[in-house]
$ cat final29.pdb   # PDB, C-alpha atoms
MODEL        1
ATOM      1  CA  MET A 373      89.687 106.194 128.665
ATOM      2  CA  LYS A 374      90.484 109.146 126.399
ATOM      3  CA  LYS A 375      92.411 112.198 127.587
ATOM      4  CA  ASN A 376      91.544 115.707 126.412
ATOM      5  CA  ILE A 377      94.738 117.120 124.861
ATOM      6  CA  GLY A 378      93.293 120.528 124.047
ATOM      7  CA  GLN A 379      92.831 122.139 120.651
ATOM      8  CA  THR A 380      95.120 119.798 118.758
ATOM      9  CA  LEU A 381      94.521 119.406 115.042
ATOM     10  CA  ALA A 382      94.985 115.660 114.740
ATOM     11  CA  LEU A 383      93.597 114.682 111.330
ATOM     12  CA  TYR A 384      96.957 113.548 110.083
ATOM     13  CA  PRO A 385      99.020 112.204 108.342
ATOM     14  CA  THR A 386      98.673 113.918 104.984
ATOM     15  CA  PRO A 387     100.878 113.675 101.903
ATOM     16  CA  ALA A 388     103.879 115.965 101.836
ATOM     17  CA  VAL A 389     103.995 117.880  98.550
ATOM     18  CA  VAL A 390     106.228 120.479  96.975
ATOM     19  CA  VAL A 391     104.284 123.336  95.430
ATOM     20  CA  GLY A 392     105.851 124.887  92.366
ATOM     21  CA  ALA A 393     105.008 128.340  91.078
ATOM     22  CA  GLU A 394     106.525 131.236  89.213
ATOM     23  CA  VAL A 395     107.255 134.180  91.497
ATOM     24  CA  ASN A 396     108.522 137.425  89.999
ATOM     25  CA  GLY A 397     109.652 135.659  86.810
ATOM     26  CA  LYS A 398     111.494 132.813  88.561
ATOM     27  CA  VAL A 399     110.522 129.264  89.559
ATOM     28  CA  ASN A 400     110.101 128.762  93.293
ATOM     29  CA  TRP A 401     109.336 125.715  95.431
ATOM     30  CA  VAL A 402     107.833 125.334  98.901
ATOM     31  CA  LEU A 403     107.004 122.257 100.973
ATOM     32  CA  VAL A 404     103.328 122.049 101.947
ATOM     33  CA  ALA A 405     101.690 119.434 104.142
ATOM     34  CA  HIS A 406      98.361 121.140 104.768
ATOM     35  CA  ILE A 407      96.537 119.701 101.780
ATOM     36  CA  GLY A 408      93.057 118.324 101.397
ATOM     37  CA  ILE A 409      90.489 117.089  98.923
ATOM     38  CA  ILE A 410      87.278 119.090  98.676
ATOM     39  CA  GLY A 411      85.706 117.355  95.679
ATOM     40  CA  HIS A 412      86.546 114.930  92.895
ATOM     41  CA  ASP A 413      88.272 117.680  90.924
ATOM     42  CA  ARG A 414      89.283 120.173  93.631
ATOM     43  CA  LEU A 415      91.920 120.311  96.311
ATOM     44  CA  MET A 416      92.930 122.851  98.895
ATOM     45  CA  LEU A 417      96.441 123.951  99.773
ATOM     46  CA  SER A 418      96.678 125.784 103.058
ATOM     47  CA  MET A 419      99.795 127.953 102.906
ATOM     48  CA  HIS A 420     100.943 130.401 105.576
ATOM     49  CA  LYS A 421     100.633 133.958 104.302
ATOM     50  CA  ALA A 422     104.326 134.594 105.021
ATOM     51  CA  HIS A 423     105.354 132.161 102.245
ATOM     52  CA  TYR A 424     107.000 133.937  99.320
ATOM     53  CA  THR A 425     105.401 131.427  96.931
ATOM     54  CA  ASN A 426     101.925 132.774  97.729
ATOM     55  CA  GLN A 427     102.757 135.977  95.832
ATOM     56  CA  GLY A 428     103.331 134.015  92.642
ATOM     57  CA  VAL A 429     100.273 131.833  93.120
ATOM     58  CA  LYS A 430      98.108 134.933  93.550
ATOM     59  CA  ALA A 431      99.686 136.669  90.537
ATOM     60  CA  THR A 432      99.518 133.751  88.081
ATOM     61  CA  GLY A 433      96.544 131.788  89.417
ATOM     62  CA  ARG A 434      98.334 128.482  88.901
ATOM     63  CA  LEU A 435     100.677 126.071  90.632
ATOM     64  CA  SER A 436     101.911 122.517  90.587
ATOM     65  CA  VAL A 437     101.521 119.973  93.370
ATOM     66  CA  ASN A 438     104.438 117.512  93.332
ATOM     67  CA  MET A 439     104.216 114.385  95.489
ATOM     68  CA  VAL A 440     107.309 113.900  97.641
ATOM     69  CA  SER A 441     109.141 110.567  97.409
ATOM     70  CA  GLU A 442     111.805 109.474  99.887
ATOM     71  CA  SER A 443     114.548 110.126  97.319
ATOM     72  CA  MET A 444     113.633 113.817  97.212
ATOM     73  CA  LEU A 445     112.715 114.277 100.898
ATOM     74  CA  GLU A 446     115.899 116.074 101.995
ATOM     75  CA  ARG A 447     115.511 118.695  99.235
ATOM     76  CA  ALA A 448     111.759 118.941  99.844
ATOM     77  CA  ASP A 449     112.392 119.633 103.529
ATOM     78  CA  TYR A 450     115.010 122.228 102.530
ATOM     79  CA  VAL A 451     112.564 124.192 100.337
ATOM     80  CA  GLY A 452     110.232 124.279 103.327
ATOM     81  CA  CYS A 453     112.974 125.659 105.612
ATOM     82  CA  VAL A 454     114.249 128.604 103.554
ATOM     83  CA  SER A 455     112.385 131.497 101.966
ATOM     84  CA  GLY A 456     112.443 132.142  98.239
ATOM     85  CA  ALA A 457     112.549 135.841  99.098
ATOM     86  CA  ARG A 458     116.124 135.322 100.327
ATOM     87  CA  VAL A 459     117.321 132.143  98.553
ATOM     88  CA  ASP A 460     117.002 131.149  94.888
ATOM     89  CA  LYS A 461     115.350 127.710  95.099
ATOM     90  CA  SER A 462     114.784 127.326  91.341
ATOM     91  CA  GLY A 463     117.694 124.878  90.945
ATOM     92  CA  VAL A 464     116.829 122.555  93.831
ATOM     93  CA  PHE A 465     114.829 120.239  91.538
ATOM     94  CA  ALA A 466     115.160 119.441  87.849
ATOM     95  CA  TYR A 467     111.899 120.524  86.254
ATOM     96  CA  ARG A 468     110.043 121.207  83.045
ATOM     97  CA  LEU A 469     107.012 123.334  82.336
ATOM     98  CA  GLY A 470     103.840 121.269  82.189
ATOM     99  CA  GLU A 471     101.037 121.682  79.684
ATOM    100  CA  GLY A 472      99.473 124.315  81.965
ATOM    101  CA  GLY A 473     102.701 126.301  82.180
ATOM    102  CA  THR A 474     103.622 125.428  85.755
ATOM    103  CA  PRO A 475     106.990 124.043  86.862
ATOM    104  CA  VAL A 476     106.729 120.246  87.226
ATOM    105  CA  ILE A 477     109.406 118.367  89.186
ATOM    106  CA  GLU A 478     110.873 115.659  86.956
ATOM    107  CA  GLU A 479     111.558 113.113  89.722
ATOM    108  CA  SER A 480     108.234 113.530  91.513
ATOM    109  CA  PRO A 481     106.308 110.297  90.925
ATOM    110  CA  LEU A 482     102.989 112.164  90.658
ATOM    111  CA  THR A 483     102.370 115.803  89.808
ATOM    112  CA  MET A 484      99.158 117.762  89.394
ATOM    113  CA  GLU A 485      98.993 121.080  87.625
ATOM    114  CA  CYS A 486      96.294 123.246  89.118
ATOM    115  CA  GLU A 487      94.379 126.412  88.438
ATOM    116  CA  VAL A 488      93.464 128.456  91.513
ATOM    117  CA  VAL A 489      89.716 129.076  91.561
ATOM    118  CA  ASP A 490      89.397 130.695  94.993
ATOM    119  CA  ASN A 491      91.322 131.702  98.086
ATOM    120  CA  TYR A 492      89.672 131.294 101.465
ATOM    121  CA  GLU A 493      91.766 133.564 103.654
ATOM    122  CA  THR A 494      92.086 133.261 107.403
ATOM    123  CA  GLU A 495      94.149 135.511 109.675
ATOM    124  CA  THR A 496      97.403 133.737 108.892
ATOM    125  CA  PHE A 497      96.749 131.386 105.955
ATOM    126  CA  ASP A 498      95.868 131.512 102.273
ATOM    127  CA  ASN A 499      93.737 128.467 101.539
ATOM    128  CA  PHE A 500      93.976 128.062  97.791
ATOM    129  CA  ILE A 501      91.086 126.133  96.271
ATOM    130  CA  CYS A 502      92.482 124.543  93.128
ATOM    131  CA  LYS A 503      91.044 122.779  90.110
ATOM    132  CA  VAL A 504      93.256 119.959  88.857
ATOM    133  CA  THR A 505      93.947 120.537  85.158
ATOM    134  CA  HIS A 506      96.635 117.921  84.411
ATOM    135  CA  THR A 507      97.927 114.920  86.349
ATOM    136  CA  TYR A 508     101.228 113.251  85.459
ATOM    137  CA  VAL A 509     102.164 109.844  86.910
ATOM    138  CA  GLU A 510     105.196 107.648  86.269
ATOM    139  CA  GLU A 511     103.925 104.780  84.114
ATOM    140  CA  GLU A 512     105.414 102.109  86.380
ATOM    141  CA  ALA A 513     103.341 103.555  89.248
ATOM    142  CA  LEU A 514     100.025 102.953  87.501
ATOM    143  CA  ASN A 515      97.850  99.913  88.177
ATOM    144  CA  GLU A 516      96.256  97.719  85.523
ATOM    145  CA  LYS A 517      93.319 100.181  85.281
ATOM    146  CA  GLY A 518      95.646 103.133  84.590
ATOM    147  CA  LYS A 519      95.121 104.646  88.062
ATOM    148  CA  PRO A 520      97.872 105.661  90.512
ATOM    149  CA  ASP A 521      99.033 102.751  92.684
ATOM    150  CA  TYR A 522     100.085 104.222  96.017
ATOM    151  CA  GLY A 523     101.855 101.005  96.985
ATOM    152  CA  LYS A 524     104.203 101.716  94.085
ATOM    153  CA  LEU A 525     104.248 105.515  94.480
ATOM    154  CA  LYS A 526     105.127 105.341  98.184
ATOM    155  CA  PRO A 527     104.443 108.997  98.986
ATOM    156  CA  VAL A 528     106.018 110.551 102.069
ATOM    157  CA  LEU A 529     103.432 111.523 104.663
ATOM    158  CA  PHE A 530     103.594 114.388 107.141
ATOM    159  CA  GLU A 531     102.236 114.032 110.655
ATOM    160  CA  MET A 532     101.435 117.353 112.334
ATOM    161  CA  PRO A 533     101.207 116.929 116.095
ATOM    162  CA  ASN A 534     104.779 115.538 116.245
ATOM    163  CA  TYR A 535     106.182 117.151 113.045
ATOM    164  CA  THR A 536     107.484 113.901 111.542
ATOM    165  CA  TYR A 537     107.639 112.272 108.126
ATOM    166  CA  LEU A 538     106.185 108.772 107.715
ATOM    167  CA  ARG A 539     106.227 106.025 105.106
ATOM    168  CA  THR A 540     102.970 104.805 103.628
ATOM    169  CA  GLY A 541     101.541 101.547 104.906
ATOM    170  CA  ASP A 542     100.081  98.415 103.434
ATOM    171  CA  GLU A 543      96.684  98.049 101.784
ATOM    172  CA  ILE A 544      94.097  96.851 104.286
ATOM    173  CA  ALA A 545      91.043  96.321 102.069
ATOM    174  CA  LYS A 546      89.238  97.725  99.060
ATOM    175  CA  CYS A 547      86.819 100.539  99.891
ATOM    176  CA  ALA A 548      83.108  99.637  99.840
ATOM    177  CA  THR A 549      83.787  95.901 100.078
ATOM    178  CA  ILE A 550      84.325  94.889 103.695
ATOM    179  CA  GLY A 551      81.375  96.969 104.922
ATOM    180  CA  ARG A 552      79.016  95.037 102.669
ATOM    181  CA  GLU A 553      79.872  91.882 104.577
ATOM    182  CA  TRP A 554      79.290  93.358 108.027
ATOM    183  CA  LYS A 555      76.005  92.291 109.579
ATOM    184  CA  GLY A 556      76.104  94.455 112.711
ATOM    185  CA  ALA A 557      74.224  93.642 115.870
ATOM    186  CA  ASP A 558      71.084  92.070 114.416
TER     187      ASP A 558
ENDMDL
END
$ encode --input "final29.pdb" --output "structure tokens"
Amino acid sequence: MKKNIGQTLALYPTPAVVVGAEVNGKVNWVLVAHIGIIGHDRLMLSMHKAHYTNQGVKATGRLSVNMVSESMLERADYVGCVSGARVDKSGVFAYRLGEGGTPVIEESPLTMECEVVDNYETETFDNFICKVTHTYVEEEALNEKGKPDYGKLKPVLFEMPNYTYLRTGDEIAKCATIGREWKGAD
């Protein structure tokens, strides 16, 4: 039997990422876990309007999405706990500017530079719709087809209802393979 637990958003876990942007001429970082895919070349970052980083994203129209690994988790959590309006977070991560001009975290195993194409605003959130313009992946984290291998990347996941970080799991099966074998109730 299932219990009704109210209006709980429970479509988690999602990858934890650090968003990088230039705000008032300085690099700033913020941890974001409200991220989703809305197409093969678009993603959405849902960022509370109170975040200082939003100012820079709106002004420049670009940002980087840096996958969080366990080795950078403590610093990633830190940039989500303090505001760039009060603390200079530019030195928390070693970075370079990517081809699109956004700050890219050197130790992040996978980074996407994005161009903001829209902002769907709600009462309390900016929901930035972003086009991926460049994706950088550590070579040792690519599979034989040149695609990211998440078993090697081991991204940190964020789980909302309990506010916890999780490790990624094991591969269960290849998509669109096991369903072809299912015969159902004939």
$ resolve_selection --input "final29.pdb" --expression "the PyMOL selection byres ((chain A and resi 469) around 12)" --output "PyMOL selection string"
chain A and resi 392-394+399+435-436+466-468+470-478+483-485+506
$ resolve_selection --input "final29.pdb" --expression "the PyMOL selection byres ((chain A and resi 525) around 9)" --output "ChimeraX atom specification"
/A:439,441,481-482,509-510,512-514,520-524,526-527
$ atom_distance --input "final29.pdb" --atom1 "CA of Val528 in chain A" --atom2 "CA of Asn438 in chain A"
11.3 Å
$ axis_aligned_box --input "final29.pdb" --around "range 435-446 of chain A" --padding-each-side "4 Å" --output "lines of an AutoDock Vina configuration file"
center_x = 108.3
center_y = 117.8
center_z = 96.3
size_x = 23.2
size_y = 24.6
size_z = 19.4
$ resolve_selection --input "final29.pdb" --expression "the PyMOL selection byres ((chain A and resi 491) around 9)" --output "ChimeraX atom specification"
/A:430,488-490,492-493,498-502
